[in-house]
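**Student:** mmCIF, C-alpha atoms, saved as query39.cif, coming up:
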data_start
loop_
_atom_site.group_PDB
_atom_site.id
_atom_site.type_symbol
_atom_site.label_atom_id
_atom_site.label_comp_id
_atom_site.auth_asym_id
_atom_site.auth_seq_id
_atom_site.Cartn_x
_atom_site.Cartn_y
_atom_site.Cartn_z
ATOM 1 C CA MET A 1476 50.579 167.225 -18.429
ATOM 2 C CA VAL A 1477 49.137 170.610 -19.384
ATOM 3 C CA ASP A 1478 46.784 172.011 -16.745
ATOM 4 C CA ALA A 1479 43.257 172.002 -18.238
ATOM 5 C CA ARG A 1480 42.491 175.287 -16.498
ATOM 6 C CA LEU A 1481 45.369 176.966 -18.340
ATOM 7 C CA THR A 1482 44.126 175.604 -21.669
ATOM 8 C CA LYS A 1483 40.662 177.016 -20.995
ATOM 9 C CA ALA A 1484 42.151 180.344 -19.907
ATOM 10 C CA ALA A 1485 44.134 180.559 -23.165
ATOM 11 C CA ALA A 1486 40.966 179.841 -25.173
ATOM 12 C CA TRP A 1487 39.072 182.571 -23.325
ATOM 13 C CA MET A 1488 41.910 185.003 -24.051
ATOM 14 C CA MET A 1489 41.668 184.319 -27.782
ATOM 15 C CA GLY A 1490 38.064 185.475 -27.568
ATOM 16 C CA SER A 1491 39.295 188.610 -25.841
ATOM 17 C CA VAL A 1492 41.919 189.229 -28.564
ATOM 18 C CA ILE A 1493 39.323 189.051 -31.338
ATOM 19 C CA SER A 1494 36.765 191.161 -29.458
ATOM 20 C CA PHE A 1495 39.167 193.988 -28.593
ATOM 21 C CA SER A 1496 40.388 194.077 -32.204
ATOM 22 C CA LEU A 1497 36.810 194.447 -33.475
ATOM 23 C CA ILE A 1498 36.232 197.285 -30.986
ATOM 24 C CA ALA A 1499 39.228 199.174 -32.396
ATOM 25 C CA ILE A 1500 37.935 198.713 -35.960
ATOM 26 C CA ALA A 1501 34.448 199.925 -35.045
ATOM 27 C CA ALA A 1502 35.811 202.917 -33.100
ATOM 28 C CA ARG A 1503 37.957 203.967 -36.055
ATOM 29 C CA ASN A 1504 34.840 203.988 -38.278
ATOM 30 C CA ILE A 1505 32.828 206.368 -36.077
ATOM 31 C CA GLU A 1506 35.600 208.608 -34.746
ATOM 32 C CA THR A 1507 34.412 211.663 -36.706
ATOM 33 C CA VAL A 1508 30.841 211.440 -35.354
ATOM 34 C CA HIS A 1509 30.992 210.416 -31.691
ATOM 35 C CA ASP A 1510 33.387 211.366 -28.911
ATOM 36 C CA SER A 1511 34.758 208.771 -26.504
ATOM 37 C CA PHE A 1512 32.178 209.512 -23.799
ATOM 38 C CA GLU A 1513 29.290 208.949 -26.201
ATOM 39 C CA VAL A 1514 30.841 205.724 -27.462
ATOM 40 C CA LEU A 1515 31.334 204.396 -23.940
ATOM 41 C CA THR A 1516 27.799 205.382 -22.885
ATOM 42 C CA LEU A 1517 26.170 203.491 -25.728
ATOM 43 C CA ARG A 1518 28.607 200.616 -25.411
ATOM 44 C CA SER A 1519 27.727 200.234 -21.749
ATOM 45 C CA ALA A 1520 23.982 200.451 -22.454
ATOM 46 C CA VAL A 1521 24.193 197.606 -24.974
ATOM 47 C CA GLY A 1522 26.474 195.666 -22.662
ATOM 48 C CA PHE A 1523 24.182 196.064 -19.647
ATOM 49 C CA CYS A 1524 21.205 194.726 -21.607
ATOM 50 C CA LEU A 1525 23.247 191.733 -22.741
ATOM 51 C CA VAL A 1526 24.483 190.986 -19.226
ATOM 52 C CA VAL A 1527 20.945 191.076 -17.809
ATOM 53 C CA ILE A 1528 19.594 188.870 -20.614
ATOM 54 C CA VAL A 1529 22.387 186.325 -20.230
ATOM 55 C CA GLY A 1530 22.003 186.417 -16.451
ATOM 56 C CA LEU A 1531 18.273 185.699 -16.722
ATOM 57 C CA MET A 1532 18.719 182.959 -19.326
ATOM 58 C CA THR A 1533 21.381 181.167 -17.282
ATOM 59 C CA GLY A 1534 19.687 181.734 -13.938
ATOM 60 C CA ARG A 1535 22.765 183.500 -12.574
ATOM 61 C CA LEU A 1536 21.438 187.029 -12.147
ATOM 62 C CA HIS A 1537 20.977 186.325 -8.435
ATOM 63 C CA GLU A 1538 24.784 186.252 -8.164
ATOM 64 C CA VAL A 1539 24.809 190.059 -8.516
ATOM 65 C CA SER A 1540 25.141 191.677 -5.095
ATOM 66 C CA THR A 1541 26.326 194.880 -3.472
ATOM 67 C CA GLN A 1542 29.182 193.086 -1.745
ATOM 68 C CA ARG A 1543 32.542 194.736 -2.391
ATOM 69 C CA LEU A 1544 30.776 197.600 -4.131
ATOM 70 C CA SER A 1545 33.650 199.947 -3.358
ATOM 71 C CA GLY A 1546 35.991 197.528 -5.150
ATOM 72 C CA HIS A 1547 33.737 197.538 -8.199
ATOM 73 C CA ALA A 1548 33.563 201.347 -8.141
ATOM 74 C CA LEU A 1549 37.342 201.798 -7.944
ATOM 75 C CA ARG A 1550 37.924 199.229 -10.696
ATOM 76 C CA ASN A 1551 35.380 200.858 -12.987
ATOM 77 C CA ILE A 1552 36.641 204.405 -12.438
ATOM 78 C CA VAL A 1553 40.163 203.324 -13.380
ATOM 79 C CA HIS A 1554 38.873 201.250 -16.290
ATOM 80 C CA PHE A 1555 36.657 204.072 -17.580
ATOM 81 C CA THR A 1556 39.637 206.425 -17.538
ATOM 82 C CA GLY A 1557 41.786 203.913 -19.392
ATOM 83 C CA GLN A 1558 39.084 203.282 -21.992
ATOM 84 C CA ASN A 1559 38.690 206.977 -22.750
ATOM 85 C CA LEU A 1560 42.437 207.373 -23.183
ATOM 86 C CA TRP A 1561 42.476 204.288 -25.445
ATOM 87 C CA PHE A 1562 39.694 205.608 -27.689
ATOM 88 C CA ILE A 1563 41.417 208.995 -27.906
ATOM 89 C CA ALA A 1564 44.704 207.330 -28.895
ATOM 90 C CA ILE A 1565 42.976 205.320 -31.646
ATOM 91 C CA THR A 1566 41.872 208.553 -33.319
ATOM 92 C CA LEU A 1567 45.342 210.131 -33.213
ATOM 93 C CA ILE A 1568 47.974 207.472 -34.018
ATOM 94 C CA PRO A 1569 48.126 204.216 -36.061
ATOM 95 C CA LEU A 1570 46.306 201.206 -34.595
ATOM 96 C CA ALA A 1571 49.473 199.110 -34.392
ATOM 97 C CA GLN A 1572 51.237 201.838 -32.429
ATOM 98 C CA VAL A 1573 48.302 202.125 -29.995
ATOM 99 C CA PHE A 1574 48.332 198.399 -29.384
ATOM 100 C CA ALA A 1575 52.115 198.274 -29.086
ATOM 101 C CA ILE A 1576 52.136 200.938 -26.374
ATOM 102 C CA GLU A 1577 49.097 199.399 -24.689
ATOM 103 C CA PHE A 1578 51.007 196.141 -24.412
ATOM 104 C CA THR A 1579 53.259 197.589 -21.762
ATOM 105 C CA SER A 1580 50.246 196.818 -19.556
ATOM 106 C CA PRO A 1581 50.825 193.027 -19.316
ATOM 107 C CA LEU A 1582 54.456 193.720 -18.442
ATOM 108 C CA TRP A 1583 53.318 195.783 -15.471
ATOM 109 C CA VAL A 1584 50.903 193.006 -14.521
ATOM 110 C CA ILE A 1585 53.699 190.416 -14.509
ATOM 111 C CA LEU A 1586 55.893 192.653 -12.361
ATOM 112 C CA LEU A 1587 53.162 193.870 -9.984
ATOM 113 C CA SER A 1588 51.130 190.673 -9.516
ATOM 114 C CA PRO A 1589 53.577 189.237 -6.933
ATOM 115 C CA MET A 1590 53.197 192.424 -4.880
ATOM 116 C CA PHE A 1591 49.397 192.692 -5.001
ATOM 117 C CA LEU A 1592 48.236 189.144 -5.788
ATOM 118 C CA GLY A 1593 50.916 187.042 -4.150
ATOM 119 C CA GLU A 1594 51.849 185.323 -7.417
ATOM 120 C CA ARG A 1595 55.369 183.997 -7.957
ATOM 121 C CA LEU A 1596 57.844 186.013 -10.023
ATOM 122 C CA THR A 1597 60.315 183.543 -11.505
ATOM 123 C CA HIS A 1598 63.393 184.126 -13.651
ATOM 124 C CA LEU A 1599 61.499 182.806 -16.674
ATOM 125 C CA ARG A 1600 58.677 185.280 -16.119
ATOM 126 C CA LEU A 1601 61.178 188.100 -15.831
ATOM 127 C CA GLY A 1602 62.706 186.891 -19.098
ATOM 128 C CA ALA A 1603 59.248 186.841 -20.714
ATOM 129 C CA ALA A 1604 58.619 190.406 -19.567
ATOM 130 C CA ALA A 1605 62.001 191.509 -20.913
ATOM 131 C CA LEU A 1606 61.320 189.899 -24.305
ATOM 132 C CA GLY A 1607 57.878 191.472 -24.466
ATOM 133 C CA PHE A 1608 59.254 194.889 -23.632
ATOM 134 C CA ALA A 1609 62.002 194.501 -26.250
ATOM 135 C CA GLY A 1610 59.388 193.593 -28.855
ATOM 136 C CA ILE A 1611 57.332 196.658 -28.005
ATOM 137 C CA LEU A 1612 60.368 198.903 -28.405
ATOM 138 C CA ILE A 1613 61.043 197.353 -31.818
ATOM 139 C CA VAL A 1614 57.469 197.992 -32.938
ATOM 140 C CA ALA A 1615 56.968 201.428 -31.429
ATOM 141 C CA GLN A 1616 60.503 202.704 -32.216
ATOM 142 C CA PRO A 1617 60.174 205.408 -29.589
ATOM 143 C CA GLY A 1618 61.993 208.679 -30.031
ATOM 144 C CA ALA A 1619 61.704 212.315 -29.070
ATOM 145 C CA GLU A 1620 59.516 212.972 -32.114
ATOM 146 C CA SER A 1621 57.084 210.241 -31.042
ATOM 147 C CA LEU A 1622 56.042 211.916 -27.803
ATOM 148 C CA SER A 1623 52.638 213.133 -29.002
ATOM 149 C CA LEU A 1624 49.233 213.394 -27.352
ATOM 150 C CA GLY A 1625 48.256 210.076 -28.929
ATOM 151 C CA VAL A 1626 51.321 208.321 -27.532
ATOM 152 C CA LEU A 1627 50.741 209.798 -24.066
ATOM 153 C CA ALA A 1628 47.069 208.755 -24.164
ATOM 154 C CA ALA A 1629 48.018 205.206 -25.158
ATOM 155 C CA ALA A 1630 50.632 205.067 -22.389
ATOM 156 C CA GLY A 1631 48.119 206.280 -19.824
ATOM 157 C CA SER A 1632 45.626 203.640 -20.904
ATOM 158 C CA ALA A 1633 48.299 200.946 -20.513
ATOM 159 C CA VAL A 1634 48.928 201.905 -16.897
ATOM 160 C CA ALA A 1635 45.184 201.991 -16.179
ATOM 161 C CA PHE A 1636 44.591 198.587 -17.791
ATOM 162 C CA ALA A 1637 47.396 197.035 -15.746
ATOM 163 C CA ALA A 1638 45.735 198.271 -12.567
ATOM 164 C CA VAL A 1639 42.360 196.969 -13.794
ATOM 165 C CA SER A 1640 43.796 193.499 -14.471
ATOM 166 C CA ILE A 1641 45.096 193.282 -10.921
ATOM 167 C CA MET A 1642 41.835 194.590 -9.417
ATOM 168 C CA THR A 1643 39.830 192.153 -11.562
ATOM 169 C CA LYS A 1644 41.903 189.241 -10.336
ATOM 170 C CA ARG A 1645 41.264 190.320 -6.756
ATOM 171 C CA LEU A 1646 37.517 190.637 -7.403
ATOM 172 C CA THR A 1647 37.312 187.144 -8.902
ATOM 173 C CA ARG A 1648 38.236 185.861 -5.445
ATOM 174 C CA GLY A 1649 34.661 185.854 -4.202
ATOM 175 C CA VAL A 1650 32.734 187.721 -6.912
ATOM 176 C CA SER A 1651 31.192 185.949 -9.918
ATOM 177 C CA VAL A 1652 31.868 186.930 -13.518
ATOM 178 C CA ILE A 1653 28.238 187.991 -14.009
ATOM 179 C CA GLY A 1654 28.504 190.243 -10.959
ATOM 180 C CA ILE A 1655 31.648 191.922 -12.242
ATOM 181 C CA LEU A 1656 30.137 192.504 -15.698
ATOM 182 C CA PHE A 1657 26.848 193.802 -14.228
ATOM 183 C CA TRP A 1658 28.522 196.532 -12.218
ATOM 184 C CA LEU A 1659 31.016 197.224 -15.020
ATOM 185 C CA THR A 1660 28.320 198.051 -17.567
ATOM 186 C CA LEU A 1661 25.930 199.800 -15.160
ATOM 187 C CA MET A 1662 28.492 202.076 -13.535
ATOM 188 C CA GLN A 1663 30.248 202.938 -16.767
ATOM 189 C CA PHE A 1664 26.937 203.804 -18.433
ATOM 190 C CA PHE A 1665 26.413 206.580 -15.879
ATOM 191 C CA PHE A 1666 30.075 207.632 -16.028
ATOM 192 C CA GLY A 1667 29.793 207.963 -19.803
ATOM 193 C CA LEU A 1668 26.455 209.781 -19.671
ATOM 194 C CA ILE A 1669 27.859 212.371 -17.278
ATOM 195 C CA GLY A 1670 30.960 212.828 -19.423
ATOM 196 C CA ALA A 1671 28.977 213.067 -22.659
ATOM 197 C CA GLY A 1672 26.705 215.758 -21.236
ATOM 198 C CA ILE A 1673 29.435 217.976 -19.820
ATOM 199 C CA ASP A 1674 29.708 220.004 -23.032
ATOM 200 C CA GLY A 1675 25.909 220.376 -23.228
ATOM 201 C CA HIS A 1676 25.628 218.387 -26.455
ATOM 202 C CA ILE A 1677 25.129 214.677 -27.115
ATOM 203 C CA THR A 1678 25.292 213.228 -30.630
ATOM 204 C CA TRP A 1679 22.777 210.414 -30.871
ATOM 205 C CA PRO A 1680 23.359 207.328 -33.047
ATOM 206 C CA THR A 1681 22.594 207.533 -36.746
ATOM 207 C CA GLY A 1682 21.714 204.800 -39.194
ATOM 208 C CA GLN A 1683 25.381 204.628 -40.171
ATOM 209 C CA THR A 1684 26.916 204.657 -36.699
ATOM 210 C CA LEU A 1685 24.386 202.498 -34.823
ATOM 211 C CA PRO A 1686 25.652 199.138 -36.186
ATOM 212 C CA TRP A 1687 29.216 200.048 -35.213
ATOM 213 C CA LEU A 1688 28.089 201.143 -31.747
ATOM 214 C CA VAL A 1689 26.154 197.903 -31.251
ATOM 215 C CA LEU A 1690 29.244 195.959 -32.357
ATOM 216 C CA ILE A 1691 31.333 197.861 -29.795
ATOM 217 C CA GLY A 1692 28.772 197.050 -27.096
ATOM 218 C CA VAL A 1693 28.568 193.346 -27.930
ATOM 219 C CA CYS A 1694 32.326 192.965 -28.264
ATOM 220 C CA GLY A 1695 32.865 194.950 -25.077
ATOM 221 C CA VAL A 1696 30.862 192.408 -23.083
ATOM 222 C CA ALA A 1697 32.457 189.487 -24.946
ATOM 223 C CA ALA A 1698 35.959 190.862 -24.345
ATOM 224 C CA HIS A 1699 35.454 191.374 -20.624
ATOM 225 C CA LEU A 1700 33.616 188.076 -20.216
ATOM 226 C CA SER A 1701 36.581 186.380 -21.878
ATOM 227 C CA LEU A 1702 39.188 188.301 -19.888
ATOM 228 C CA THR A 1703 37.430 187.895 -16.542
ATOM 229 C CA SER A 1704 36.838 184.179 -17.163
ATOM 230 C CA ALA A 1705 40.501 183.713 -18.068
ATOM 231 C CA LEU A 1706 41.633 185.519 -14.919
ATOM 232 C CA SER A 1707 39.356 183.302 -12.813
ATOM 233 C CA LEU A 1708 41.099 180.215 -14.231
ATOM 234 C CA ALA A 1709 44.768 181.211 -14.317
ATOM 235 C CA PRO A 1710 47.234 183.661 -12.751
ATOM 236 C CA ALA A 1711 47.358 187.170 -14.197
ATOM 237 C CA GLY A 1712 50.972 186.666 -15.213
ATOM 238 C CA PHE A 1713 49.895 183.812 -17.501
ATOM 239 C CA VAL A 1714 46.742 185.411 -18.906
ATOM 240 C CA ALA A 1715 47.935 188.926 -19.733
ATOM 241 C CA PRO A 1716 50.796 188.157 -22.180
ATOM 242 C CA ILE A 1717 48.476 186.176 -24.503
ATOM 243 C CA ASP A 1718 46.858 189.503 -25.330
ATOM 244 C CA PHE A 1719 50.064 190.365 -27.252
ATOM 245 C CA LEU A 1720 48.620 188.440 -30.211
ATOM 246 C CA ARG A 1721 46.451 191.464 -30.949
ATOM 247 C CA LEU A 1722 49.500 193.372 -32.193
ATOM 248 C CA PRO A 1723 50.315 191.525 -35.429
ATOM 249 C CA LEU A 1724 46.581 191.088 -36.095
ATOM 250 C CA ILE A 1725 45.779 194.794 -35.829
ATOM 251 C CA ALA A 1726 48.891 195.750 -37.812
ATOM 252 C CA VAL A 1727 47.639 193.709 -40.769
ATOM 253 C CA ILE A 1728 44.126 195.172 -40.423
ATOM 254 C CA GLY A 1729 45.469 198.727 -40.276
ATOM 255 C CA ALA A 1730 47.567 198.190 -43.401
ATOM 256 C CA LEU A 1731 44.814 196.499 -45.425
ATOM 257 C CA PHE A 1732 41.793 198.630 -44.517
ATOM 258 C CA TYR A 1733 43.133 201.990 -43.312
ATOM 259 C CA ALA A 1734 46.227 202.416 -45.491
ATOM 260 C CA GLU A 1735 48.434 202.648 -42.416
ATOM 261 C CA PRO A 1736 52.125 202.064 -43.169
ATOM 262 C CA PHE A 1737 53.052 198.426 -42.681
ATOM 263 C CA ASP A 1738 56.415 198.650 -40.969
ATOM 264 C CA PRO A 1739 58.497 195.435 -41.117
ATOM 265 C CA PHE A 1740 59.572 196.213 -37.556
ATOM 266 C CA VAL A 1741 56.001 195.349 -36.556
ATOM 267 C CA LEU A 1742 56.551 191.766 -37.711
ATOM 268 C CA LEU A 1743 59.944 191.552 -36.033
ATOM 269 C CA GLY A 1744 58.575 192.978 -32.815
ATOM 270 C CA GLY A 1745 55.612 190.606 -33.013
ATOM 271 C CA VAL A 1746 57.957 187.625 -33.234
ATOM 272 C CA VAL A 1747 59.925 188.813 -30.185
ATOM 273 C CA ILE A 1748 56.704 189.440 -28.253
ATOM 274 C CA PHE A 1749 55.376 185.997 -29.165
ATOM 275 C CA ALA A 1750 58.648 184.498 -27.913
ATOM 276 C CA GLY A 1751 57.981 186.197 -24.608
ATOM 277 C CA ILE A 1752 54.470 184.727 -24.534
ATOM 278 C CA LEU A 1753 55.809 181.221 -25.092
ATOM 279 C CA LEU A 1754 58.446 181.713 -22.407
ATOM 280 C CA ASN A 1755 55.826 182.844 -19.925
ATOM 281 C CA ILE A 1756 53.588 179.866 -20.741
ATOM 282 C CA ARG A 1757 56.557 177.554 -20.216
ATOM 283 C CA ALA A 1758 57.232 179.198 -16.868
ATOM 284 C CA GLN A 1759 53.619 178.698 -15.821
ATOM 285 C CA MET A 1760 53.596 175.052 -16.870
ATOM 286 C CA ARG A 1761 56.478 174.412 -14.464
ATOM 287 C CA LEU A 1762 54.412 175.565 -11.511
ATOM 288 C CA PRO A 1763 52.146 173.110 -9.616
ATOM 289 C CA ALA A 1764 48.582 173.076 -10.976
ATOM 290 C CA THR A 1765 46.229 175.186 -8.915
ATOM 291 C CA ALA A 1766 42.969 173.864 -7.634
#
In structure tokens, write the structure found in this file.
**Tutor:**
Amino acid sequence: MVDARLTKAAAWMMGSVISFSLIAIAARNIETVHDSFEVLTLRSAVGFCLVVIVGLMTGRLHEVSTQRLSGHALRNIVHFTGQNLWFIAITLIPLAQVFAIEFTSPLWVILLSPMFLGERLTHLRLGAAALGFAGILIVAQPGAESLSLGVLAAAGSAVAFAAVSIMTKRLTRGVSVIGILFWLTLMQFFFGLIGAGIDGHITWPTGQTLPWLVLIGVCGVAAHLSLTSALSLAPAGFVAPIDFLRLPLIAVIGALFYAEPFDPFVLLGGVVIFAGILLNIRAQMRLPATA
């Protein structure tokens, strides 16, 4: 019988897939007006307000505490760095390529989670990681000519996001979702404000960019609520590969709305990646259900 916790975790991850895709679309539409620091500052401001409102409405704001504050700080510094690299990559290379390179992150999670989280690394999981990596190579078609600033930024964000996934899983062992999101949005607001003011100039939202910035803020909270909730229900090695579904979705969006070349290798790579997802789910189903 399928573990109900795994089913819920998969559902939460679908919310994360949709939210992160909407963030990429919104970021692409304001890239010529706001830099990444400004985007992250306003995103965090919107997100913080939402977290406080939801916390008050659900009576869970009391769950926020200063326990493990150093863990929150380290997680948010790494995450803030990864986010900036991700937003930079979106402005320089096609969306599908950004997502393809970013998806090396779940592969690192699968391989590193046994070391840092004590999760089991089975032959099936190794096979899932290998399939996922093969699919990414098919999509990205890496070569010497592909080593650009955008590719390097996307690769850096992938490494950072893998570390964040592992640190998030560790934090969920004793810290509530509302607590994680509270410190995420508050700390990253100040990180972004400092970064945005370094050059002595901050571009404030306009009537055209404000809706996109609000969308980024709302989806940012929704994405991390979904991801954190999924990680609290299932092992990181199960949760992370589901995020691969963003790749074929964003490839279609990029082709339809941004005239980005629709490479048939994207579809082929997507199929291989999805095969890896299914293999990983099968591997997880064979493990005893966790309490």
**Student:** Can you list, as an NGL selection string, the residues that the PyMOL selection byres ((chain A and resi 1592-1597) around 9) selects here?
**Tutor:** :A and (1585-1591 or 1598-1602 or 1641 or 1644-1645 or 1710-1712 or 1758)
**Student:** Save out the residues we just selected, C-alpha atoms, as an mmCIF file, in the coordinates of the input.
**Tutor:**
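Generated file (result_19.cif):
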data_model
loop_
_atom_site.group_PDB
_atom_site.id
_atom_site.type_symbol
_atom_site.label_atom_id
_atom_site.label_comp_id
_atom_site.auth_asym_id
_atom_site.auth_seq_id
_atom_site.Cartn_x
_atom_site.Cartn_y
_atom_site.Cartn_z
ATOM 1 C CA ILE A 1585 53.699 190.416 -14.509
ATOM 2 C CA LEU A 1586 55.893 192.653 -12.361
ATOM 3 C CA LEU A 1587 53.162 193.870 -9.984
ATOM 4 C CA SER A 1588 51.130 190.673 -9.516
ATOM 5 C CA PRO A 1589 53.577 189.237 -6.933
ATOM 6 C CA MET A 1590 53.197 192.424 -4.880
ATOM 7 C CA PHE A 1591 49.397 192.692 -5.001
ATOM 8 C CA HIS A 1598 63.393 184.126 -13.651
ATOM 9 C CA LEU A 1599 61.499 182.806 -16.674
ATOM 10 C CA ARG A 1600 58.677 185.280 -16.119
ATOM 11 C CA LEU A 1601 61.178 188.100 -15.831
ATOM 12 C CA GLY A 1602 62.706 186.891 -19.098
ATOM 13 C CA ILE A 1641 45.096 193.282 -10.921
ATOM 14 C CA LYS A 1644 41.903 189.241 -10.336
ATOM 15 C CA ARG A 1645 41.264 190.320 -6.756
ATOM 16 C CA PRO A 1710 47.234 183.661 -12.751
ATOM 17 C CA ALA A 1711 47.358 187.170 -14.197
ATOM 18 C CA GLY A 1712 50.972 186.666 -15.213
ATOM 19 C CA ALA A 1758 57.232 179.198 -16.868
#
**Student:** Which residue is closest to Ala1633 (chain A)? Choose from A:Phe1555, A:Phe1665, A:Trp1583, A:Phe1608 and count all atoms listed in the file.
**Tutor:**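 Looking at the shortest contact to Ala1633 (chain A), the residue is A:Trp1583.
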**Student:** Taking (52.6, 184.8, -29.4) in the coordinates of the supplied file, I want to know which residues reach to within 9 Å of it, counting all atoms listed in the file; could you give the answer as an NGL selection string?
**Tutor:** :A and (1716-1720 or 1745-1753)
**Student:** Take the PyMOL selection byres ((chain A and resi 1527-1536) around 12), apply it to the structure above, and return the hits as an mmCIF file with C-alpha atoms, keeping the file's coordinate frame.
**Tutor:**
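The result, stored in result.cif:
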data_model
loop_
_atom_site.group_PDB
_atom_site.id
_atom_site.type_symbol
_atom_site.label_atom_id
_atom_site.label_comp_id
_atom_site.auth_asym_id
_atom_site.auth_seq_id
_atom_site.Cartn_x
_atom_site.Cartn_y
_atom_site.Cartn_z
ATOM 1 C CA ALA A 1520 23.982 200.451 -22.454
ATOM 2 C CA VAL A 1521 24.193 197.606 -24.974
ATOM 3 C CA GLY A 1522 26.474 195.666 -22.662
ATOM 4 C CA PHE A 1523 24.182 196.064 -19.647
ATOM 5 C CA CYS A 1524 21.205 194.726 -21.607
ATOM 6 C CA LEU A 1525 23.247 191.733 -22.741
ATOM 7 C CA VAL A 1526 24.483 190.986 -19.226
ATOM 8 C CA HIS A 1537 20.977 186.325 -8.435
ATOM 9 C CA GLU A 1538 24.784 186.252 -8.164
ATOM 10 C CA VAL A 1539 24.809 190.059 -8.516
ATOM 11 C CA SER A 1540 25.141 191.677 -5.095
ATOM 12 C CA SER A 1651 31.192 185.949 -9.918
ATOM 13 C CA VAL A 1652 31.868 186.930 -13.518
ATOM 14 C CA ILE A 1653 28.238 187.991 -14.009
ATOM 15 C CA GLY A 1654 28.504 190.243 -10.959
ATOM 16 C CA ILE A 1655 31.648 191.922 -12.242
ATOM 17 C CA LEU A 1656 30.137 192.504 -15.698
ATOM 18 C CA PHE A 1657 26.848 193.802 -14.228
ATOM 19 C CA TRP A 1658 28.522 196.532 -12.218
ATOM 20 C CA THR A 1660 28.320 198.051 -17.567
ATOM 21 C CA LEU A 1661 25.930 199.800 -15.160
ATOM 22 C CA VAL A 1696 30.862 192.408 -23.083
ATOM 23 C CA ALA A 1697 32.457 189.487 -24.946
ATOM 24 C CA LEU A 1700 33.616 188.076 -20.216
#
**Student:** For the structure shown, which residues end up in the PyMOL selection byres ((chain A and resi 1517) around 10)? Put them as a PyMOL selection string, please?
**Tutor:** chain A and resi 1512-1516+1518-1523+1663-1664+1667-1668+1679-1680+1685+1688-1689+1691-1692
**Student:** Using all atoms listed in the file, find the one residue out of A:Leu1624, A:Ala1638, A:Ala1698, A:Leu1724 that sits nearest to Asn1551 (chain A).
**Tutor:**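 Under the stated criterion, the closest residue is A:Ala1638.
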**Student:** Excluding Ala1629 (chain A) and its own-chain neighbours fewer than 4 positions away, which residues fall within 7 Å of it when counting all atoms listed in the file? Please give them as a list in words.
**Tutor:** Leu1560, Trp1561, Ala1564, Val1573, Ile1576, Glu1577, Gly1625 and Ala1633 of chain A
**Student:** Let me make sure I understand: among A:Leu1754, A:Ala1575, A:Val1626, A:Val1650, which one has the smallest atom-to-atom distance to Gln1542 (chain A) if we use all atoms listed in the file?
**Tutor:**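 That would be A:Val1650, the residue with the smallest distance to Gln1542 (chain A).
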